Amino acid sequence: MTDETLLADLVALAARAPSPHNTQPWSPRVVAGGPGAGGPAVEVAVVPGRTLPAGDPTSRDVLLSLGAWVECAAVGAAAAGRELVVEALPALRALDALPVRGAADPGRPVLRVRLGGAAAGTPTATPDDVRERAVYRGDLAGDPAVYADLPAGTLAPGLSLRAVDPAVLAGLVRWGGVGTFARRPVAEELVHWLRLDPRHPGYVRDGLNDRVLLLPPALARLAAPVTRRSWLRDPALAVLGAAARAADRVLAARWRAGGRDAARAGAAGAADGGPGAAPGAAGARAAAGAPGGVHHVLVADGADGAAGGPGRGSGPSRAPVLDGRTGLPEERVVEAGRSLQRLWLHAHRAGHAVSPHSEVIDVPGPHAALRRHLGLGRSDVALAVFSTGRPLGEVPRAPRLPA
């Protein structure tokens, strides 16, 4: 097999990497190596129209997704007996200069990936693990020991995995769902990526369809027109937004008044359809995913020496960390995405699925509450929240774009 053929196979495998709302924001292409270029490579650009400028203004989710993409490709390379060499390009540090919409600019790749020499050691994950790894938003049966035997190197230096109290996470997930609809631009992004009708042109390509969300057929049929017709979407989001903003105020007051007890109250209120209940698809997702499983937060120590970067001092600035921006060099967040993918593949090999809860970090209120619950320091950065467990139902396969 030539290097060009192997790289093309790795691109196809890496297409199974996870991404927020299943947006798949990467645009890889195999390029020939010219004189002194070191052989063929894959250059990965970012598709502006597949990012979430409102919900992910700091590009944290984009960077984690790129890291997951790289790790999937690395698994394939290791299975072929090769090392993967990853080079961060200058455009990686200029994601905020991307336009809001449009196609990828092949002249501005953010990463360059090449095949190196022989892979060292025995791979812990296989290409089949990458293909079969599952996200499940239904009930999970958790196992606290799933991450007790992590292989060396699973977590990059400066990363740690923290446990979250189940009742606390239940309240935070519901608060995050409420907060998603309380902010109109974020809600519009979510609705844009919903595919609730098999006739939707993106139903088998990308986004979140009714099967992935485990929506009851009747609810999917009712909500589908809202995702396709602006004359229905706009008034629906206006009503949901007003209700969500009122619920957000209630949940914020409960947290200020009671902390952990407020989380339990928020969970109970959501289960009863009270003020803590998240509306629409986010509510169904929150209700299904939070109570079961074991819950984790991937945290970066921003004061660690590895956090520094050219022109950035020894660690992240305080304000970005406190208002939800990572304050970390982009390369380090990509590396964290690789670690996150390794964690999810490890769970898959134990027979577990994962359920991501990015809304807990994306929405300021629950993000701040999570930090207090974990006792994070000012320089610590919560990068990802997720649950793991054995799925107690049939796991749907998420769609993907052609590689």
# chains A, B, ... in the order shown; residues from 1 in each chain; ligands from 1

$ residues_around --residues "Leu237 (chain A)" --least-positions-apart "2" --cutoff "9 Å" --atoms "only C-alpha atoms" --output "list in words"
Phe181, Arg184, Ala187, Glu188, Val226, Leu232, Arg233, Asp234, Pro235, Val239, Leu240, Gly241 and Ala242 of chain A

$ residues_around --residues "Leu10 (chain A)" --least-positions-apart "2" --cutoff "9 Å" --atoms "only C-alpha atoms" --output "PyMOL selection string"
chain A and resi 5-8+12-15+72-77

$ residues_around --residues "region 19-30 of chain A" --least-positions-apart "4" --cutoff "9 Å" --atoms "only C-alpha atoms" --output "ChimeraX atom specification"
/A:4,7-8,11,15,40-52,61-62,64-66,68-69,103-106,109,190,193-194,206-208,358,398-401,403

$ write_last_selection --atoms "N, CA and C atoms" --output "compact mmCIF listing (two decimals), in the first residue's frame"
# COMPACT_ATOMS: atom_id res chain seq x y z
N GLU A 4 0.10 7.39 -0.04
CA GLU A 4 -1.08 8.14 -0.44
C GLU A 4 -2.36 7.34 -0.19
N LEU A 7 -3.00 7.17 3.61
CA LEU A 7 -3.53 8.45 4.10
C LEU A 7 -5.00 8.62 3.73
N ALA A 8 -5.37 8.22 2.50
CA ALA A 8 -6.78 8.29 2.11
C ALA A 8 -7.63 7.40 3.00
N VAL A 11 -8.14 9.15 6.31
CA VAL A 11 -9.16 10.21 6.20
C VAL A 11 -10.55 9.61 6.32
N ALA A 15 -13.25 10.20 9.63
CA ALA A 15 -14.57 10.79 9.45
C ALA A 15 -15.54 10.36 10.54
N PRO A 40 3.92 12.65 1.01
CA PRO A 40 2.52 13.10 1.00
C PRO A 40 2.02 13.38 2.41
N ALA A 41 0.97 14.17 2.49
CA ALA A 41 0.42 14.56 3.79
C ALA A 41 -1.08 14.80 3.64
N VAL A 42 -1.73 14.90 4.76
CA VAL A 42 -3.12 15.34 4.80
C VAL A 42 -3.13 16.74 5.42
N GLU A 43 -3.67 17.69 4.70
CA GLU A 43 -3.87 19.03 5.25
C GLU A 43 -5.33 19.17 5.65
N VAL A 44 -5.56 19.61 6.88
CA VAL A 44 -6.91 19.70 7.45
C VAL A 44 -7.27 21.17 7.64
N ALA A 45 -8.29 21.61 6.93
CA ALA A 45 -8.83 22.97 7.11
C ALA A 45 -10.14 22.87 7.89
N VAL A 46 -10.64 24.03 8.31
CA VAL A 46 -11.90 24.11 9.05
C VAL A 46 -12.96 24.71 8.14
N VAL A 47 -14.15 24.12 8.15
CA VAL A 47 -15.27 24.61 7.36
C VAL A 47 -16.05 25.63 8.20
N PRO A 48 -16.00 26.93 7.87
CA PRO A 48 -16.70 27.92 8.68
C PRO A 48 -18.18 27.60 8.86
N GLY A 49 -18.82 27.14 7.78
CA GLY A 49 -20.25 26.85 7.87
C GLY A 49 -20.59 25.65 8.72
N ARG A 50 -19.56 24.92 9.19
CA ARG A 50 -19.78 23.78 10.07
C ARG A 50 -19.25 24.04 11.48
N THR A 51 -19.05 25.28 11.81
CA THR A 51 -18.71 25.66 13.18
C THR A 51 -19.95 26.28 13.83
N LEU A 52 -19.84 26.55 15.12
CA LEU A 52 -20.96 27.10 15.90
C LEU A 52 -20.53 28.43 16.52
N ASP A 61 -14.91 23.60 21.14
CA ASP A 61 -15.45 22.37 20.57
C ASP A 61 -14.81 22.03 19.23
N VAL A 62 -14.51 23.05 18.42
CA VAL A 62 -13.84 22.80 17.15
C VAL A 62 -12.47 22.18 17.40
N LEU A 64 -11.37 20.55 20.09
CA LEU A 64 -11.50 19.19 20.62
C LEU A 64 -11.86 18.21 19.50
N SER A 65 -12.72 18.66 18.58
CA SER A 65 -13.10 17.80 17.46
C SER A 65 -11.92 17.51 16.55
N LEU A 66 -11.10 18.53 16.29
CA LEU A 66 -9.90 18.31 15.49
C LEU A 66 -8.97 17.31 16.17
N ALA A 68 -9.91 14.90 18.19
CA ALA A 68 -10.53 13.58 18.04
C ALA A 68 -10.28 13.04 16.64
N TRP A 69 -10.36 13.92 15.64
CA TRP A 69 -10.10 13.51 14.25
C TRP A 69 -8.67 12.97 14.12
N ALA A 103 -17.46 27.67 2.80
CA ALA A 103 -16.68 26.45 2.68
C ALA A 103 -15.28 26.66 3.25
N ALA A 104 -14.57 25.55 3.41
CA ALA A 104 -13.20 25.63 3.90
C ALA A 104 -12.30 26.28 2.86
N ASP A 105 -11.28 26.98 3.33
CA ASP A 105 -10.26 27.56 2.45
C ASP A 105 -9.07 26.60 2.43
N PRO A 106 -8.87 25.87 1.34
CA PRO A 106 -7.77 24.91 1.31
C PRO A 106 -6.40 25.56 1.44
N PRO A 109 -4.95 25.66 5.80
CA PRO A 109 -5.11 24.49 6.67
C PRO A 109 -4.63 24.80 8.08
N LEU A 190 -28.71 25.25 17.08
CA LEU A 190 -29.14 23.88 17.38
C LEU A 190 -30.23 23.44 16.41
N TRP A 193 -29.20 22.35 12.98
CA TRP A 193 -28.55 21.05 12.84
C TRP A 193 -29.45 19.89 13.23
N LEU A 194 -30.73 20.17 13.52
CA LEU A 194 -31.67 19.08 13.78
C LEU A 194 -32.21 18.53 12.45
N ASP A 206 -25.28 14.37 8.33
CA ASP A 206 -24.71 15.14 9.42
C ASP A 206 -25.83 15.54 10.39
N GLY A 207 -25.48 16.33 11.37
CA GLY A 207 -26.48 16.84 12.30
C GLY A 207 -27.02 15.80 13.26
N LEU A 208 -28.10 16.17 13.94
CA LEU A 208 -28.72 15.34 14.96
C LEU A 208 -30.10 14.94 14.48
N SER A 358 -22.05 18.92 26.52
CA SER A 358 -21.30 20.16 26.27
C SER A 358 -22.07 21.39 26.72
N ALA A 398 -24.82 7.31 14.27
CA ALA A 398 -24.88 8.69 13.80
C ALA A 398 -24.44 8.77 12.34
N PRO A 399 -25.08 9.63 11.55
CA PRO A 399 -24.69 9.75 10.13
C PRO A 399 -23.35 10.44 9.99
N ARG A 400 -22.72 10.26 8.85
CA ARG A 400 -21.47 10.93 8.54
C ARG A 400 -21.46 11.33 7.07
N LEU A 401 -20.75 12.42 6.81
CA LEU A 401 -20.51 12.82 5.45
C LEU A 401 -19.61 11.80 4.75
N ALA A 403 -16.39 10.43 3.17
CA ALA A 403 -15.02 10.83 3.53
C ALA A 403 -14.40 11.60 2.37

$ atom_distance --atom1 "CA of Val100 (chain A)" --atom2 "CA of Pro57 (chain A)"
10.7 Å

$ atom_distance --atom1 "CA of Val297 (chain A)" --atom2 "CA of His352 (chain A)"
16.8 Å

$ atom_distance --atom1 "CA of Asp301 (chain A)" --atom2 "CA of Glu359 (chain A)"
21.1 Å

$ closest_residue --among "A:Ala246, A:Val86, A:Ala300, A:Ala78" --to "Arg183 (chain A)" --atoms "only C-alpha atoms"
A:Ala246

$ closest_atom_pairs --of "region 348-383 of chain A" --to "region 146-151 of chain A" --cutoff "12 Å" --atoms "only C-alpha atoms" --output "Markdown table"
| residue | atom | partner | partner_atom | distance |
| --- | --- | --- | --- | --- |
| A:His348 | CA | A:Val146 | CA | 9.8 |
| A:Arg349 | CA | A:Val146 | CA | 9.8 |
| A:Ala350 | CA | A:Val146 | CA | 7.1 |
| A:Gly351 | CA | A:Val146 | CA | 9.6 |
| A:His352 | CA | A:Val146 | CA | 8.5 |
| A:Ala353 | CA | A:Val146 | CA | 11.2 |
| A:Val354 | CA | A:Val146 | CA | 11.7 |

$ write_last_selection --atoms "N, CA and C atoms" --output "JSON list (two decimals), in the first residue's frame"
[["chain", "number", "residue", "atom", "x", "y", "z"],
["A", 348, "HIS", "N", -15.47, 2.38, 25.17],
["A", 348, "HIS", "CA", -16.07, 1.49, 24.17],
["A", 348, "HIS", "C", -15.54, 0.07, 24.30],
["A", 349, "ARG", "N", -14.25, -0.06, 24.52],
["A", 349, "ARG", "CA", -13.68, -1.40, 24.64],
["A", 349, "ARG", "C", -14.19, -2.14, 25.87],
["A", 350, "ALA", "N", -14.69, -1.38, 26.85],
["A", 350, "ALA", "CA", -15.30, -1.99, 28.04],
["A", 350, "ALA", "C", -16.79, -2.23, 27.85],
["A", 351, "GLY", "N", -17.30, -1.99, 26.64],
["A", 351, "GLY", "CA", -18.72, -2.20, 26.38],
["A", 351, "GLY", "C", -19.60, -1.03, 26.74],
["A", 352, "HIS", "N", -19.00, 0.15, 26.90],
["A", 352, "HIS", "CA", -19.74, 1.33, 27.31],
["A", 352, "HIS", "C", -19.97, 2.27, 26.13],
["A", 353, "ALA", "N", -21.01, 3.06, 26.24],
["A", 353, "ALA", "CA", -21.24, 4.19, 25.35],
["A", 353, "ALA", "C", -21.02, 5.47, 26.15],
["A", 354, "VAL", "N", -20.96, 6.58, 25.47],
["A", 354, "VAL", "CA", -20.82, 7.87, 26.14],
["A", 354, "VAL", "C", -22.00, 8.77, 25.79]]

$ select_by_dssp --residues "region 33-68 of chain A" --states "helix (DSSP H, G or I)" --output "ChimeraX atom specification"
/A:48-50,60-68

$ closest_atom_pairs --of "region 333-386 of chain A" --to "region 113-127 of chain A" --cutoff "9 Å" --atoms "only C-alpha atoms" --output "JSON lines"
{"residue": "A:Arg342", "atom": "CA", "partner": "A:Ala125", "partner_atom": "CA", "distance": 8.2}
{"residue": "A:Leu345", "atom": "CA", "partner": "A:Ala125", "partner_atom": "CA", "distance": 6.8}
{"residue": "A:His346", "atom": "CA", "partner": "A:Ala125", "partner_atom": "CA", "distance": 7.6}
{"residue": "A:Arg349", "atom": "CA", "partner": "A:Ala125", "partner_atom": "CA", "distance": 8.0}

$ residues_around --residues "Asp380 (chain A)" --least-positions-apart "6" --cutoff "9 Å" --atoms "only C-alpha atoms" --output "MDAnalysis selection string"
chainID A and resid 299:303 321 371

$ residues_around --residues "Gly393 (chain A)" --least-positions-apart "6" --cutoff "10 Å" --atoms "only C-alpha atoms" --output "list of chain:residue names"
A:Tyr136, A:Arg137, A:Gly138, A:Asp139, A:Leu140

$ closest_residue --among "A:Leu63, A:Ala382, A:Leu370, A:Leu84" --to "Ala170 (chain A)" --atoms "only C-alpha atoms"
A:Leu370

$ select_by_dssp --residues "region 53-162 of chain A" --states "strand (DSSP E)" --output "PyMOL selection string"
chain A and resi 82-88+111-118+140-141+159-162

$ closest_residue --among "A:Pro217, A:Gly153, A:Gly337, A:Pro144" --to "Gly389 (chain A)" --atoms "only C-alpha atoms"
A:Pro144
